[in-house]
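Just protein_9.cif here, mmCIF, C-alpha atoms:
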data_work
#
loop_
_atom_site.label_atom_id
_atom_site.label_comp_id
_atom_site.auth_asym_id
_atom_site.auth_seq_id
_atom_site.Cartn_x
_atom_site.Cartn_y
_atom_site.Cartn_z
CA MET A 1 -7.14 -32.08 45.33
CA LEU A 2 -10.14 -29.72 45.15
CA LEU A 3 -7.93 -27.00 46.57
CA HIS A 4 -5.50 -27.43 43.68
CA LEU A 5 -8.30 -27.43 41.11
CA ARG A 6 -9.84 -24.30 42.63
CA ARG A 7 -6.47 -22.49 42.61
CA SER A 8 -5.89 -23.55 38.98
CA PHE A 9 -9.34 -22.35 37.97
CA ILE A 10 -8.94 -19.01 39.75
CA LEU A 11 -5.47 -18.48 38.27
CA SER A 12 -6.76 -19.35 34.78
CA ALA A 13 -9.65 -16.90 35.17
CA ILE A 14 -7.28 -14.15 36.32
CA PHE A 15 -4.95 -14.73 33.37
CA LEU A 16 -7.91 -14.86 30.98
CA VAL A 17 -9.13 -11.47 32.20
CA LEU A 18 -5.63 -9.94 32.25
CA PHE A 19 -4.22 -11.26 28.99
CA GLY A 20 -7.41 -12.03 27.11
CA LEU A 21 -9.29 -8.80 27.83
CA ALA A 22 -7.32 -6.11 29.67
CA TYR A 23 -4.08 -6.33 27.67
CA PRO A 24 -5.73 -6.26 24.20
CA LEU A 25 -8.07 -3.44 25.26
CA ALA A 26 -5.14 -1.43 26.64
CA GLY A 27 -3.18 -1.98 23.41
CA THR A 28 -6.15 -0.96 21.29
CA GLY A 29 -6.81 2.09 23.45
CA LEU A 30 -3.18 3.25 23.29
CA ALA A 31 -3.06 2.69 19.52
CA GLN A 32 -6.25 4.70 19.02
CA ALA A 33 -5.08 7.48 21.36
CA PHE A 34 -1.57 7.96 19.99
CA PHE A 35 -1.65 6.45 16.47
CA GLY A 36 -5.30 6.72 15.44
CA HIS A 37 -4.65 7.28 11.73
CA GLN A 38 -2.36 4.27 11.46
CA ALA A 39 -4.52 2.07 13.73
CA ASN A 40 -7.51 2.70 11.49
CA GLY A 41 -5.72 1.64 8.30
CA SER A 42 -4.13 4.96 7.21
CA LEU A 43 -7.27 5.82 5.26
CA THR A 44 -7.73 8.86 3.03
CA ALA A 45 -10.70 9.89 0.91
CA ASN A 46 -9.48 7.61 -1.91
CA GLY A 47 -8.29 4.57 0.04
CA SER A 48 -5.47 3.40 2.27
CA THR A 49 -1.93 4.68 1.85
CA LEU A 50 -0.74 1.18 2.77
CA ILE A 51 -2.32 -0.65 -0.17
CA GLY A 52 -1.87 0.22 -3.83
CA GLN A 53 -4.84 1.70 -5.66
CA THR A 54 -5.69 1.24 -9.31
CA TRP A 55 -5.33 4.48 -11.28
CA THR A 56 -6.33 4.53 -14.92
CA GLY A 57 -5.63 7.05 -17.61
CA PRO A 58 -2.79 9.46 -18.21
CA LYS A 59 -4.21 12.07 -15.79
CA TRP A 60 -2.98 10.05 -12.82
CA PHE A 61 0.36 8.74 -11.68
CA GLN A 62 0.47 4.98 -12.08
CA GLY A 63 1.66 2.68 -9.34
CA ARG A 64 2.98 -0.82 -9.67
CA PRO A 65 0.57 -3.33 -11.20
CA ASP A 66 -1.80 -4.83 -8.66
CA GLY A 67 -1.53 -8.54 -7.94
CA THR A 68 -4.90 -9.09 -6.28
CA VAL A 69 -7.09 -11.85 -7.59
CA LEU A 70 -10.89 -12.03 -7.62
CA THR A 71 -11.63 -15.47 -6.27
CA ASN A 72 -15.41 -15.43 -6.25
CA LYS A 73 -16.92 -13.24 -8.93
CA SER A 74 -20.46 -13.38 -7.57
CA ASP A 75 -19.37 -11.95 -4.20
CA GLN A 76 -16.25 -10.12 -5.50
CA VAL A 77 -13.98 -11.55 -2.81
CA VAL A 78 -10.50 -10.09 -3.27
CA VAL A 79 -7.45 -12.01 -2.12
CA SER A 80 -4.02 -10.44 -2.24
CA GLY A 81 -0.65 -12.09 -2.43
CA THR A 82 -1.84 -15.29 -4.05
CA ASN A 83 -0.23 -15.34 -7.47
CA GLN A 84 3.42 -14.35 -7.67
CA PRO A 85 4.83 -15.69 -10.96
CA GLY A 86 8.46 -16.75 -11.21
CA PRO A 87 11.04 -15.07 -13.45
CA LEU A 88 10.62 -17.66 -16.23
CA SER A 89 6.82 -17.54 -16.20
CA ALA A 90 5.08 -16.97 -19.53
CA ALA A 91 2.25 -15.23 -17.64
CA LEU A 92 4.75 -12.76 -16.17
CA GLU A 93 6.22 -12.01 -19.59
CA LYS A 94 2.76 -11.50 -21.06
CA SER A 95 1.64 -9.16 -18.26
CA VAL A 96 4.87 -7.12 -18.49
CA VAL A 97 4.45 -6.68 -22.24
CA GLN A 98 0.78 -5.70 -21.84
CA GLN A 99 1.54 -3.22 -19.06
CA ALA A 100 4.39 -1.69 -21.08
CA GLU A 101 2.07 -1.21 -24.07
CA VAL A 102 -0.55 0.51 -21.90
CA LEU A 103 2.07 2.86 -20.45
CA LYS A 104 3.50 3.68 -23.90
CA LYS A 105 0.01 4.58 -25.17
CA GLU A 106 -0.31 7.01 -22.27
CA GLY A 107 3.06 8.57 -23.13
CA ILE A 108 4.90 7.07 -20.18
CA ILE A 109 8.30 5.45 -20.59
CA PRO A 110 7.90 2.02 -18.95
CA THR A 111 10.30 1.31 -16.11
CA ASN A 112 10.87 -2.02 -14.43
CA ASP A 113 8.80 -1.11 -11.36
CA LEU A 114 5.90 0.20 -13.44
CA VAL A 115 5.49 -3.09 -15.32
CA THR A 116 6.13 -5.64 -12.54
CA THR A 117 4.29 -6.28 -9.28
CA SER A 118 5.93 -5.78 -5.92
CA GLY A 119 6.81 -8.64 -3.59
CA SER A 120 3.58 -8.11 -1.63
CA LEU A 121 1.55 -7.62 -4.83
CA VAL A 122 -0.23 -4.60 -3.30
CA ASP A 123 2.62 -2.13 -2.66
CA PRO A 124 1.42 1.50 -2.93
CA ASP A 125 4.88 2.98 -3.44
CA ILE A 126 7.04 3.72 -6.47
CA SER A 127 10.59 4.99 -6.66
CA PRO A 128 11.13 8.70 -7.28
CA SER A 129 12.55 7.87 -10.74
CA ASP A 130 9.27 6.08 -11.60
CA GLY A 131 7.37 9.20 -10.57
CA TYR A 132 9.61 11.49 -12.62
CA ALA A 133 9.25 9.15 -15.64
CA GLN A 134 5.51 9.97 -15.64
CA VAL A 135 5.73 13.75 -15.18
CA ASP A 136 5.53 14.77 -18.84
CA ALA A 137 2.57 12.49 -19.61
CA VAL A 138 0.60 13.59 -16.54
CA ALA A 139 1.37 17.27 -17.15
CA ALA A 140 0.25 17.03 -20.78
CA ALA A 141 -2.96 15.17 -19.90
CA ARG A 142 -3.87 17.71 -17.21
CA GLY A 143 -2.69 20.80 -19.05
CA LEU A 144 -0.28 21.69 -16.25
CA PRO A 145 3.30 22.91 -16.58
CA PRO A 146 5.75 19.99 -16.25
CA ALA A 147 7.73 21.97 -13.66
CA THR A 148 4.65 22.13 -11.39
CA VAL A 149 4.02 18.41 -11.69
CA ARG A 150 7.73 17.66 -11.16
CA GLN A 151 7.69 19.81 -8.00
CA THR A 152 4.62 17.91 -6.77
CA VAL A 153 6.50 14.63 -7.17
CA ALA A 154 9.57 16.08 -5.45
CA SER A 155 7.51 17.27 -2.49
CA HIS A 156 6.07 13.76 -2.01
CA VAL A 157 9.35 11.84 -1.96
CA HIS A 158 9.72 10.10 1.40
CA SER A 159 13.30 9.63 2.54
CA ARG A 160 14.81 6.44 3.92
CA GLU A 161 13.39 5.20 7.20
CA LEU A 162 15.58 6.40 10.08
CA GLY A 163 17.87 7.89 7.45
CA PHE A 164 19.44 4.58 6.37
CA LEU A 165 16.80 1.85 6.01
CA GLY A 166 15.28 1.10 2.62
CA ALA A 167 15.17 3.45 -0.33
CA PRO A 168 13.40 6.75 -1.00
CA TYR A 169 9.84 6.26 -2.24
CA VAL A 170 6.69 8.06 -3.37
CA ASP A 171 3.26 6.96 -2.16
CA VAL A 172 1.11 7.04 -5.31
CA LEU A 173 -2.14 7.65 -3.42
CA GLU A 174 -0.73 10.68 -1.60
CA LEU A 175 0.77 11.97 -4.86
CA ASN A 176 -2.53 11.62 -6.76
CA ASP A 177 -4.44 13.27 -3.90
CA ALA A 178 -2.07 16.25 -4.18
CA LEU A 179 -2.43 16.20 -7.97
CA ALA A 180 -6.23 16.33 -7.67
CA LYS A 181 -5.91 19.50 -5.57
CA LEU A 182 -3.85 21.15 -8.32
CA GLY A 183 -6.72 20.84 -10.75
#
Turn this file's structure into structure tokens for me.
Amino acid sequence: MLLHLRRSFILSAIFLVLFGLAYPLAGTGLAQAFFGHQANGSLTANGSTLIGQTWTGPKWFQGRPDGTVLTNKSDQVVVSGTNQPGPLSAALEKSVVQQAEVLKKEGIIPTNDLVTTSGSLVDPDISPSDGYAQVDAVAAARGLPPATVRQTVASHVHSRELGFLGAPYVDVLELNDALAKLG
């Protein structure tokens, strides 16, 4: 019986070292070596390209409204994906109307995606048509020619994944980083 227990213990220790330490370390090492930017959260100077940022004012392209919720104001703990209202929700209607009013004041024609949250509530992407809807307002606020701003949007349109999955999109953080370099 002790022989069986010893074999079980040795086998458990081997598997613990292999699958509990070596495998995760190898995966982390490969991710850092070959996909370092993505493994570290796809960070830029202004945040992650994977999570929507809040941009205020007409000088910046606006993304979809953010759905994060502050759950503990003293510590500012942010939780995402916690409050997705249904289509008949009065809170949804109120937030859409408020967001549309803010966009109209900035000279932006509100589109569906610019006034509603994404399914994840933190999506950083907008459709190319949402980007083009904001060109005139951003160009006027920055004193840039609309053609230059339109070209900036066009150069930041990502095509479908693998050529057929999903829809074309524009990452708002990347677009605003490029806009900041224009002046």
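Interatomic distance, CA of Leu16 in chain A to CA of Phe34 in chain A: 26.1 Å.
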Q: Could you tell me which residues the PyMOL selection byres ((chain A and resi 157-172) around 9) returns for this structure, as a ChimeraX atom specification?
A: /A:49-50,52-53,61-63,124-128,130-131,153-156,173-177
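Note on the selection: in this file the PyMOL selection byres ((chain A and resi 136-140) around 7) comes out as Pro58, Lys59, Trp60, Phe61, Glu106, Gly107, Ile108, Gln134, Val135, Ala141, Arg142, Gly143, Leu144, Pro145, Pro146 and Val149 of chain A.
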Q) Using only C-alpha atoms, which of the listed residues (A:Ser8, A:Thr111, A:Gln84, A:Thr56) sits closest to Val97 in chain A? A) A:Thr111
(Q) Report, in Å to a single decimal, how far apart CA of Val122 in chain A and CA of Gly47 in chain A are. (A) 12.7 Å
Q: Record the distance separating CA of Ala180 in chain A and CA of Thr54 in chain A, expressed in Å with one decimal.
A: 15.2 Å
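Proximity ranking of A:Asp66, A:Leu25, A:Leu88, A:Thr148 relative to Asp113 in chain A places A:Asp66 first, based on all atoms listed in the file.
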(Q) So, with all atoms listed in the file as the atoms that count, which of A:Lys181, A:Arg64, A:Val96, A:Val17 lies closest to Gly119 in chain A? (A) A:Arg64
Q. Can you list, as a PyMOL selection string, every protein, DNA or RNA residue that comes within 12 Å of Leu92 in chain A when you count all atoms listed in the file, leaving out same-chain residues fewer than 4 positions away?
A. chain A and resi 65+67+83-88+96-99+115-117
